[in-house]
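This is final.cif (mmCIF, C-alpha atoms (C1' of nucleotides) and all ligand atoms).
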data_protein
#
loop_
_atom_site.label_atom_id
_atom_site.label_comp_id
_atom_site.auth_asym_id
_atom_site.auth_seq_id
_atom_site.Cartn_x
_atom_site.Cartn_y
_atom_site.Cartn_z
CA MET J 1 0.00 0.00 0.00
CA ASP J 2 1.70 3.17 -1.19
CA THR J 3 1.41 6.21 1.03
CA ASN J 4 0.86 9.59 -0.52
CA GLU J 5 4.36 10.57 0.51
CA GLN J 6 5.89 7.63 -1.27
CA ILE J 7 3.97 8.55 -4.37
CA GLU J 8 5.02 12.18 -4.21
CA ARG J 9 8.63 11.12 -3.77
CA ALA J 10 8.37 8.85 -6.80
CA LEU J 11 7.09 11.75 -8.88
CA ARG J 12 9.86 14.12 -7.77
CA GLU J 13 12.46 11.45 -8.36
CA VAL J 14 11.68 11.43 -12.05
CA GLY J 15 11.49 15.21 -12.21
CA LEU J 16 7.72 15.57 -12.39
CA ARG J 17 5.69 18.23 -10.64
CA VAL J 18 3.50 16.92 -7.87
CA THR J 19 -0.14 17.60 -8.65
CA ARG J 20 -3.33 16.20 -7.20
CA PRO J 21 -4.38 14.41 -10.40
CA ARG J 22 -0.97 12.78 -10.85
CA VAL J 23 -0.83 11.56 -7.27
CA ALA J 24 -4.34 10.17 -7.53
CA VAL J 25 -3.70 8.52 -10.89
CA LEU J 26 -0.51 6.87 -9.72
CA ALA J 27 -2.24 5.65 -6.55
CA ALA J 28 -5.15 4.30 -8.59
CA VAL J 29 -2.88 2.41 -10.97
CA ALA J 30 -0.89 1.01 -8.05
CA ALA J 31 -4.10 -0.16 -6.39
CA HIS J 32 -5.62 -1.58 -9.58
CA PRO J 33 -2.97 -3.25 -11.68
CA HIS J 34 -3.89 -3.65 -15.37
CA ALA J 35 -6.78 -1.19 -15.11
CA ASP J 36 -7.79 0.74 -18.21
CA ALA J 37 -8.08 4.52 -18.43
CA GLY J 38 -11.80 4.50 -17.74
CA THR J 39 -11.34 2.50 -14.56
CA VAL J 40 -8.51 4.75 -13.46
CA LEU J 41 -10.71 7.78 -14.07
CA ALA J 42 -13.52 6.29 -11.98
CA VAL J 43 -11.18 5.38 -9.13
CA VAL J 44 -9.53 8.79 -9.20
CA ARG J 45 -12.91 10.51 -9.04
CA GLU J 46 -13.77 8.67 -5.84
CA GLY J 47 -11.31 10.93 -4.09
CA LEU J 48 -11.13 13.80 -6.54
CA PRO J 49 -14.62 14.14 -8.04
CA GLU J 50 -13.88 17.17 -10.19
CA VAL J 51 -10.91 15.78 -12.09
CA SER J 52 -11.23 15.89 -15.86
CA HIS J 53 -10.79 12.85 -18.04
CA GLN J 54 -8.16 14.76 -19.97
CA ALA J 55 -6.08 15.20 -16.81
CA VAL J 56 -6.19 11.47 -16.29
CA TYR J 57 -5.09 10.78 -19.87
CA ASP J 58 -2.35 13.38 -19.60
CA SER J 59 -1.17 11.97 -16.28
CA LEU J 60 -1.10 8.42 -17.61
CA HIS J 61 0.96 9.53 -20.60
CA THR J 62 3.33 11.58 -18.51
CA LEU J 63 3.81 8.78 -16.00
CA ALA J 64 4.35 6.27 -18.78
CA ASP J 65 6.88 8.54 -20.51
CA ALA J 66 8.70 8.92 -17.22
CA GLY J 67 8.80 5.16 -16.77
CA VAL J 68 6.75 5.24 -13.56
CA VAL J 69 3.90 3.28 -15.09
CA ARG J 70 3.82 0.86 -17.96
CA CYS J 71 1.18 0.64 -20.66
CA ILE J 72 0.15 -2.62 -22.28
CA GLN J 73 -2.49 -3.24 -24.89
CA PRO J 74 -3.45 -6.81 -25.73
CA THR J 75 -5.18 -7.29 -29.08
CA GLY J 76 -8.83 -6.31 -28.86
CA ALA J 77 -8.50 -4.53 -25.52
CA THR J 78 -8.04 -0.89 -24.60
CA ALA J 79 -4.78 0.25 -23.01
CA ARG J 80 -4.03 -1.04 -19.51
CA TYR J 81 -1.65 0.44 -16.96
CA GLU J 82 0.46 -0.92 -14.11
CA THR J 83 3.16 0.28 -11.74
CA ARG J 84 5.22 -2.90 -11.92
CA VAL J 85 7.95 -1.66 -14.22
CA GLY J 86 11.50 -2.53 -15.06
CA ASP J 87 11.31 -6.26 -14.44
CA ASN J 88 10.35 -7.41 -17.92
CA HIS J 89 7.43 -9.47 -16.68
CA HIS J 90 4.76 -10.72 -19.02
CA HIS J 91 1.00 -11.22 -19.08
CA VAL J 92 -1.56 -13.90 -19.60
CA VAL J 93 -4.92 -12.80 -20.98
CA CYS J 94 -8.19 -14.71 -20.79
CA ARG J 95 -9.69 -15.06 -24.27
CA LYS J 96 -13.19 -15.10 -22.83
CA CYS J 97 -13.40 -12.45 -20.12
CA GLY J 98 -10.26 -10.44 -20.80
CA ASP J 99 -8.85 -10.89 -17.32
CA ILE J 100 -5.10 -10.26 -17.11
CA ALA J 101 -2.52 -11.75 -14.74
CA ASP J 102 1.21 -11.32 -14.37
CA VAL J 103 3.63 -13.96 -15.55
CA ASP J 104 7.22 -13.84 -14.43
CA CYS J 105 9.74 -14.12 -17.20
CA ALA J 106 10.39 -17.86 -17.24
CA VAL J 107 12.27 -17.97 -20.50
CA GLY J 108 15.13 -16.05 -18.99
CA GLU J 109 17.40 -13.32 -20.16
CA ALA J 110 18.37 -15.04 -23.38
CA ALA J 111 15.02 -14.48 -24.99
CA CYS J 112 13.60 -11.54 -23.17
CA LEU J 113 16.24 -9.10 -22.07
CA THR J 114 19.17 -9.36 -24.42
CA ALA J 115 19.09 -7.03 -27.36
CA SER J 116 19.41 -8.77 -30.67
CA HIS J 117 19.00 -8.22 -34.39
CA ASP J 118 16.45 -9.44 -36.91
CA HIS J 119 15.77 -8.14 -40.39
CA GLY J 120 18.19 -5.36 -39.52
CA PHE J 121 15.97 -4.22 -36.65
CA THR J 122 17.72 -3.22 -33.44
CA ILE J 123 15.64 -4.93 -30.78
CA ASP J 124 15.59 -3.63 -27.22
CA GLU J 125 12.58 -5.36 -25.69
CA ALA J 126 10.62 -8.57 -26.00
CA GLU J 127 7.02 -8.42 -24.89
CA VAL J 128 5.22 -11.72 -24.38
CA THR J 129 1.46 -12.14 -24.18
CA TYR J 130 0.10 -15.54 -23.29
CA TRP J 131 -3.45 -16.35 -24.35
CA GLY J 132 -5.79 -18.84 -22.77
CA LEU J 133 -8.59 -19.17 -20.26
CA CYS J 134 -8.67 -17.96 -16.69
CA PRO J 135 -9.60 -20.45 -13.95
CA ARG J 136 -13.19 -19.20 -13.80
CA CYS J 137 -13.85 -19.32 -17.56
CA SER J 138 -12.02 -22.62 -17.77
CA ALA J 139 -14.34 -24.11 -15.16
CA ALA J 140 -17.42 -22.66 -16.84
CA ARG J 141 -16.44 -24.29 -20.12
CA SER J 142 -16.03 -27.76 -18.61
CA GLU J 143 -19.58 -27.80 -17.28
CA PRO J 144 -22.54 -28.97 -19.38
CA MET X 1 0.97 -14.98 -55.65
CA ASP X 2 -2.42 -16.47 -54.91
CA THR X 3 -4.76 -17.01 -57.80
CA ASN X 4 -8.43 -16.29 -57.38
CA GLU X 5 -9.13 -20.00 -57.57
CA GLN X 6 -6.76 -20.76 -54.74
CA ILE X 7 -8.45 -18.11 -52.66
CA GLU X 8 -11.92 -19.42 -53.42
CA ARG X 9 -10.80 -22.91 -52.52
CA ALA X 10 -9.39 -21.66 -49.23
CA LEU X 11 -12.73 -20.07 -48.41
CA ARG X 12 -14.73 -23.18 -49.21
CA GLU X 13 -12.31 -25.33 -47.26
CA VAL X 14 -13.24 -23.55 -44.05
CA GLY X 15 -16.93 -23.58 -44.89
CA LEU X 16 -17.33 -19.95 -45.92
CA ARG X 17 -19.43 -18.69 -48.79
CA VAL X 18 -17.43 -17.27 -51.66
CA THR X 19 -18.27 -13.61 -52.16
CA ARG X 20 -16.53 -10.86 -54.07
CA PRO X 21 -15.64 -8.85 -50.97
CA ARG X 22 -14.19 -11.85 -49.17
CA VAL X 23 -12.09 -12.92 -52.12
CA ALA X 24 -10.80 -9.39 -52.56
CA VAL X 25 -10.08 -8.93 -48.85
CA LEU X 26 -8.19 -12.20 -48.60
CA ALA X 27 -6.18 -11.35 -51.72
CA ALA X 28 -5.40 -7.91 -50.34
CA VAL X 29 -4.20 -9.26 -47.02
CA ALA X 30 -2.09 -11.88 -48.78
CA ALA X 31 -0.52 -9.19 -50.95
CA HIS X 32 0.02 -6.73 -48.09
CA PRO X 33 1.07 -8.56 -44.95
CA HIS X 34 0.50 -6.63 -41.71
CA ALA X 35 -1.80 -4.09 -43.41
CA ASP X 36 -4.47 -2.39 -41.33
CA ALA X 37 -8.18 -2.33 -42.17
CA GLY X 38 -7.93 1.05 -43.89
CA THR X 39 -5.19 -0.16 -46.18
CA VAL X 40 -7.09 -3.34 -46.94
CA LEU X 41 -10.15 -1.27 -47.78
CA ALA X 42 -8.15 0.93 -50.15
CA VAL X 43 -6.56 -2.04 -51.88
CA VAL X 44 -9.88 -3.86 -52.19
CA ARG X 45 -11.48 -0.80 -53.75
CA GLU X 46 -8.88 -0.75 -56.49
CA GLY X 47 -10.61 -3.75 -57.97
CA LEU X 48 -14.03 -3.43 -56.36
CA PRO X 49 -14.73 0.30 -56.08
CA GLU X 50 -18.22 0.00 -54.61
CA VAL X 51 -17.39 -2.22 -51.67
CA SER X 52 -18.47 -0.86 -48.30
CA HIS X 53 -16.09 -0.44 -45.42
CA GLN X 54 -18.43 -2.56 -43.34
CA ALA X 55 -18.07 -5.47 -45.76
CA VAL X 56 -14.30 -5.25 -45.34
CA TYR X 57 -14.57 -5.23 -41.54
CA ASP X 58 -17.03 -8.11 -41.65
CA SER X 59 -14.81 -10.08 -44.00
CA LEU X 60 -11.74 -9.53 -41.87
CA HIS X 61 -13.60 -10.73 -38.80
CA THR X 62 -15.04 -13.72 -40.55
CA LEU X 63 -11.69 -14.70 -42.03
CA ALA X 64 -9.99 -14.25 -38.67
CA ASP X 65 -12.63 -16.35 -36.91
CA ALA X 66 -12.16 -19.06 -39.53
CA GLY X 67 -8.40 -19.00 -38.99
CA VAL X 68 -7.64 -17.95 -42.55
CA VAL X 69 -6.15 -14.65 -41.46
CA ARG X 70 -4.56 -13.60 -38.23
CA CYS X 71 -5.06 -10.30 -36.45
CA ILE X 72 -2.34 -8.63 -34.43
CA GLN X 73 -2.44 -5.33 -32.62
CA PRO X 74 0.77 -3.93 -31.17
CA THR X 75 0.32 -1.33 -28.45
CA GLY X 76 -0.53 2.04 -29.94
CA ALA X 77 -1.34 0.69 -33.40
CA THR X 78 -4.60 -0.27 -35.09
CA ALA X 79 -5.30 -3.91 -35.90
CA ARG X 80 -3.12 -5.52 -38.59
CA TYR X 81 -3.88 -8.61 -40.64
CA GLU X 82 -1.83 -11.33 -42.32
CA THR X 83 -2.37 -14.66 -44.03
CA ARG X 84 0.65 -16.34 -42.47
CA VAL X 85 -1.16 -18.42 -39.89
CA GLY X 86 -0.53 -21.53 -37.88
CA ASP X 87 3.24 -21.27 -37.62
CA ASN X 88 3.46 -19.32 -34.36
CA HIS X 89 5.74 -16.69 -35.80
CA HIS X 90 6.31 -13.39 -34.07
CA HIS X 91 6.77 -9.72 -34.93
CA VAL X 92 9.24 -6.94 -34.49
CA VAL X 93 7.80 -3.41 -34.43
CA CYS X 94 9.71 -0.19 -35.04
CA ARG X 95 9.10 2.21 -32.17
CA LYS X 96 9.53 5.19 -34.46
CA CYS X 97 7.72 4.46 -37.72
CA GLY X 98 5.58 1.49 -36.71
CA ASP X 99 6.96 -0.78 -39.43
CA ILE X 100 6.39 -4.48 -38.73
CA ALA X 101 8.47 -7.49 -39.80
CA ASP X 102 8.14 -11.21 -39.20
CA VAL X 103 10.38 -13.00 -36.76
CA ASP X 104 10.55 -16.77 -36.82
CA CYS X 105 10.09 -18.41 -33.48
CA ALA X 106 13.67 -18.74 -32.28
CA VAL X 107 12.87 -19.62 -28.71
CA GLY X 108 11.46 -22.93 -29.78
CA GLU X 109 8.53 -25.03 -28.74
CA ALA X 110 9.37 -24.93 -25.06
CA ALA X 111 8.34 -21.32 -24.67
CA CYS X 112 5.99 -20.71 -27.54
CA LEU X 113 4.01 -23.76 -28.50
CA THR X 114 3.63 -25.92 -25.45
CA ALA X 115 0.54 -25.25 -23.41
CA SER X 116 1.30 -24.52 -19.79
CA HIS X 117 -0.30 -23.19 -16.63
CA ASP X 118 0.15 -19.98 -14.70
CA HIS X 119 -2.11 -18.55 -12.02
CA GLY X 120 -4.50 -21.33 -12.95
CA PHE X 121 -4.79 -20.01 -16.51
CA THR X 122 -4.83 -22.60 -19.29
CA ILE X 123 -2.44 -21.17 -21.83
CA ASP X 124 -2.68 -22.13 -25.49
CA GLU X 125 -0.61 -19.50 -27.24
CA ALA X 126 2.40 -17.31 -26.62
CA GLU X 127 2.54 -14.13 -28.67
CA VAL X 128 5.85 -12.31 -28.75
CA THR X 129 6.30 -8.71 -29.86
CA TYR X 130 9.83 -7.41 -30.19
CA TRP X 131 10.33 -3.66 -29.99
CA GLY X 132 13.14 -1.65 -31.47
CA LEU X 133 14.15 0.38 -34.50
CA CYS X 134 13.92 -0.62 -38.12
CA PRO X 135 17.06 -0.29 -40.29
CA ARG X 136 15.91 3.02 -41.75
CA CYS X 137 15.02 4.69 -38.45
CA SER X 138 18.13 3.22 -36.88
CA ALA X 139 20.28 4.85 -39.56
CA ALA X 140 18.44 8.15 -39.24
CA ARG X 141 19.12 8.24 -35.52
CA SER X 142 22.88 7.68 -35.91
CA GLU X 143 23.30 10.65 -38.19
CA PRO X 144 23.95 14.18 -36.84
"C1'" DC Z 1 5.99 36.96 -3.05
"C1'" DT Z 2 6.42 36.99 -8.06
"C1'" DC Z 3 7.11 35.22 -12.26
"C1'" DT Z 4 7.51 31.68 -15.54
"C1'" DT Z 5 6.35 27.40 -16.93
"C1'" DC Z 6 3.78 23.51 -16.67
"C1'" DT Z 7 -0.78 21.50 -15.78
"C1'" DT Z 8 -5.67 21.29 -15.70
"C1'" DT Z 9 -10.26 22.36 -17.38
"C1'" DT Z 10 -13.51 22.69 -20.88
"C1'" DG Z 11 -15.58 21.38 -24.88
"C1'" DA Z 12 -15.18 20.11 -29.35
"C1'" DC Z 13 -13.37 16.71 -32.36
"C1'" DT Z 14 -11.16 12.65 -34.63
"C1'" DG Z 15 -10.54 7.95 -36.30
"C1'" DA Z 16 -11.31 3.23 -35.80
"C1'" DT Z 17 -14.74 0.23 -35.19
"C1'" DT Z 18 -19.53 -1.29 -34.37
"C1'" DC Z 19 -24.73 -1.46 -34.66
"C1'" DA Z 20 -29.00 -2.09 -37.11
"C1'" DA Z 21 -32.21 -2.23 -40.95
"C1'" DG Z 22 -33.38 -3.50 -45.28
"C1'" DA Z 23 -31.66 -5.04 -49.99
"C1'" DA Z 24 -28.91 -8.36 -52.42
"C1'" DA Z 25 -26.50 -12.54 -53.30
"C1'" DA Z 26 -24.94 -17.49 -52.32
"C1'" DG Z 27 -25.86 -22.00 -52.68
"C1'" DG Z 28 -28.78 -26.13 -51.63
"C1'" DA Z 29 -33.22 -28.37 -52.86
"C1'" DG Z 30 -36.47 -29.49 -56.16
"C1'" DC E 1 -32.88 -23.58 -64.06
"C1'" DT E 2 -35.80 -21.65 -60.46
"C1'" DC E 3 -37.19 -21.13 -55.86
"C1'" DC E 4 -36.23 -20.59 -51.12
"C1'" DT E 5 -33.66 -19.97 -47.00
"C1'" DT E 6 -29.87 -18.18 -44.98
"C1'" DT E 7 -26.03 -15.46 -45.09
"C1'" DT E 8 -23.86 -11.37 -46.55
"C1'" DC E 9 -23.69 -6.64 -48.18
"C1'" DT E 10 -25.02 -1.66 -48.23
"C1'" DT E 11 -26.31 2.33 -45.99
"C1'" DG E 12 -26.14 5.51 -42.54
"C1'" DA E 13 -25.95 6.44 -37.95
"C1'" DA E 14 -23.71 5.68 -33.58
"C1'" DT E 15 -20.19 4.47 -30.18
"C1'" DC E 16 -15.87 4.40 -28.03
"C1'" DA E 17 -11.24 5.48 -26.76
"C1'" DG E 18 -8.39 8.80 -27.28
"C1'" DT E 19 -6.79 13.56 -28.94
"C1'" DC E 20 -6.62 18.73 -29.87
"C1'" DA E 21 -6.66 23.47 -28.52
"C1'" DA E 22 -7.52 27.64 -25.85
"C1'" DA E 23 -7.93 29.79 -21.68
"C1'" DA E 24 -7.72 29.46 -16.56
"C1'" DG E 25 -5.16 27.70 -12.71
"C1'" DA E 26 -1.36 25.76 -9.86
"C1'" DA E 27 3.69 24.37 -8.99
"C1'" DG E 28 7.87 25.69 -7.65
"C1'" DA E 29 12.36 28.28 -8.70
"C1'" DG E 30 14.35 32.51 -7.31
MN MN J 201 1.65 -6.79 -15.10
MN MN J 202 3.58 -11.74 -39.57
ZN ZN J 203 -11.79 -15.49 -18.06
ZN ZN J 204 11.21 2.60 -38.40
#

As structure tokens, please, write out the structure in this file.
Ligand SMILES: [Mn+2]
Ligand SMILES: [Mn+2]
Ligand SMILES: [Zn+2]
Ligand SMILES: [Zn+2]
Amino acid sequence: MDTNEQIERALREVGLRVTRPRVAVLAAVAAHPHADAGTVLAVVREGLPEVSHQAVYDSLHTLADAGVVRCIQPTGATARYETRVGDNHHHVVCRKCGDIADVDCAVGEAACLTASHDHGFTIDEAEVTYWGLCPRCSAARSEP
Amino acid sequence: MDTNEQIERALREVGLRVTRPRVAVLAAVAAHPHADAGTVLAVVREGLPEVSHQAVYDSLHTLADAGVVRCIQPTGATARYETRVGDNHHHVVCRKCGDIADVDCAVGEAACLTASHDHGFTIDEAEVTYWGLCPRCSAARSEP
DNA sequence: CTCTTCTTTTGACTGATTCAAGAAAAGGAG
DNA sequence: CTCCTTTTCTTGAATCAGTCAAAAGAAGAG
């Protein structure tokens, strides 16, 4: 559970001004990993009812640019945000309900962290998305 | 280069009716790998000027559902389509210009094809997106 | 405290995609 | 070949996430 002070410190550490919307957005993303912008907006408004949706979008972009949050976007879904950054972890997405869970990088550095070349591209990151069914949807499918 | 007959056969093989829009859409995707819906629409209209955008969207969905085309959507980009299906290949995306190239699955079956479990999820596919710079953007960045 | 710069609000706007109704076409049966 | 049913296409409007732009407001350096 991040305190407001920890959040403010995190913002200053990356050279960002501390504003109410940014603090609230970062707290919301920390509390709701893999939430989309709409969810973040709703959560932020619980404590800051007058915040504009634009401020939330701006904050998310700014935080993502600063590396404080990470943005992922599985095919068919809107952008999701999380504060778990810098560890090259991956995600598993439920094909049925869209639920997302973290997957630690099992493949290891060889595949996921080492820069390499292909088709002349200079590669700096490997992003892995696993697709399947979450426990709930998996159970629902087995029943008659 | 796919002939119209090959395309029609492919449609019938998966139990789909053969229609002008579908044939044209499948040909367009085959000729322009990783094209988005707008590009497909433009290409289709070269030979079928009256086709509606909705018919193109419907065809893309139907073809994707039938497994004849594959849809990918890297973060920040609109959906892209390709006819190279069933070989679990991956993609490298240029961070600057958005260009996409194929990457054969180098990691091997262990990571990419074998179903596994995580957090109780039943995983059936691993999708890998590599991020970096294409040769052109890479060269542009090195210059003064 | 003051000033500059950055951030937020407001409200309109875009672009990709989807919805819904009726018209048209595919393809199987006769 | 013709008829019939079902699927697909056209048309036009609508939705949704996300963006743009101008003016008002707040952060924080000095
Ligand atoms: Mn995560
Ligand atoms: Mn490909
Ligand atoms: Zn699920
Ligand atoms: Zn490029």

Using only C-alpha atoms (C1' of nucleotides) and all ligand atoms, what are the residues with an atom within 12 Å of ligand MN 201 (chain J), set out as number ranges by chain?
-> J: 29-30, 32-35, 69-74, 80-93, 99-105, 127-129

Can you work out which residues are within 12 Å of ligand ZN 203 (chain J), considering only C-alpha atoms (C1' of nucleotides) and all ligand atoms, and then hand them over as a PDB file with C-alpha atoms, keeping the file's coordinate frame?
ATOM      1  CA  VAL J  92      -1.560 -13.900 -19.600  1.00  0.00           C
ATOM      2  CA  VAL J  93      -4.920 -12.800 -20.980  1.00  0.00           C
ATOM      3  CA  CYS J  94      -8.190 -14.710 -20.790  1.00  0.00           C
ATOM      4  CA  ARG J  95      -9.690 -15.060 -24.270  1.00  0.00           C
ATOM      5  CA  LYS J  96     -13.190 -15.100 -22.830  1.00  0.00           C
ATOM      6  CA  CYS J  97     -13.400 -12.450 -20.120  1.00  0.00           C
ATOM      7  CA  GLY J  98     -10.260 -10.440 -20.800  1.00  0.00           C
ATOM      8  CA  ASP J  99      -8.850 -10.890 -17.320  1.00  0.00           C
ATOM      9  CA  ILE J 100      -5.100 -10.260 -17.110  1.00  0.00           C
ATOM     10  CA  ALA J 101      -2.520 -11.750 -14.740  1.00  0.00           C
ATOM     11  CA  TRP J 131      -3.450 -16.350 -24.350  1.00  0.00           C
ATOM     12  CA  GLY J 132      -5.790 -18.840 -22.770  1.00  0.00           C
ATOM     13  CA  LEU J 133      -8.590 -19.170 -20.260  1.00  0.00           C
ATOM     14  CA  CYS J 134      -8.670 -17.960 -16.690  1.00  0.00           C
ATOM     15  CA  PRO J 135      -9.600 -20.450 -13.950  1.00  0.00           C
ATOM     16  CA  ARG J 136     -13.190 -19.200 -13.800  1.00  0.00           C
ATOM     17  CA  CYS J 137     -13.850 -19.320 -17.560  1.00  0.00           C
ATOM     18  CA  SER J 138     -12.020 -22.620 -17.770  1.00  0.00           C
ATOM     19  CA  ALA J 139     -14.340 -24.110 -15.160  1.00  0.00           C
ATOM     20  CA  ALA J 140     -17.420 -22.660 -16.840  1.00  0.00           C
ATOM     21  CA  ARG J 141     -16.440 -24.290 -20.120  1.00  0.00           C
TER      22      ARG J 141
ATOM     23  CA  HIS X 119      -2.110 -18.550 -12.020  1.00  0.00           C
ATOM     24  CA  GLY X 120      -4.500 -21.330 -12.950  1.00  0.00           C
ATOM     25  CA  PHE X 121      -4.790 -20.010 -16.510  1.00  0.00           C
ATOM     26  CA  THR X 122      -4.830 -22.600 -19.290  1.00  0.00           C
ATOM     27  CA  ILE X 123      -2.440 -21.170 -21.830  1.00  0.00           C
TER      28      ILE X 123
END

What are the residues of chain Z that have an atom within 10 Å of an atom of chain X, counting all atoms listed in the file, as a CSV table (one decimal) with C-alpha atoms (C1' of nucleotides), keeping the file's coordinate frame?
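Written file, part-v3.csv:
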chain,number,residue,atom,x,y,z
Z,16,DA,C1',-11.3,3.2,-35.8
Z,17,DT,C1',-14.7,0.2,-35.2
Z,18,DT,C1',-19.5,-1.3,-34.4
Z,25,DA,C1',-26.5,-12.5,-53.3
Z,26,DA,C1',-24.9,-17.5,-52.3
Z,27,DG,C1',-25.9,-22.0,-52.7

Using all atoms listed in the file, determine which residues of chain X fall within 10 Å of chain E; present them as a ChimeraX atom specification.
-> /X:16-17,19,21,50-56,58-59

Any idea what the distance is between CA of Leu26 in chain X and CA of Val68 in chain X?
->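 One can read the CA of Leu26 in chain X to CA of Val68 in chain X distance as 8.4 Å.
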
Between X:Ile7, X:Leu48, X:Thr75, X:Gly67, single out the one closest to chain J, counting all atoms listed in the file.
-> X:Thr75

Separation of atom ZN of ligand ZN 204 (chain J) from CA of Gly76 in chain X in Å =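 Between CA of Gly76 in chain X and atom ZN of ligand ZN 204 (chain J) the gap is 14.5 Å.
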
For CA of Val43 in chain X and CA of Asn4 in chain X, quote the distance in Å rounded to one decimal.
-> 15.4 Å

Please write out, as lines of an AutoDock Vina configuration file, where the centre of an axis-aligned box around all listed atoms of range 9-17 of chain X lies and how long its edges are, in Å to one decimal, after adding 6 Å on each side.
center_x = -14.4
center_y = -22.0
center_z = -48.3
size_x = 22.0
size_y = 18.6
size_z = 20.5

Choose the residue, out of X:Ala28, X:Val14, X:Ala42, X:Val23, that has the smallest atom-to-atom separation from Ala66 in chain X; count all atoms listed in the file.
->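 Selected residue with least distance to Ala66 in chain X: X:Val14.
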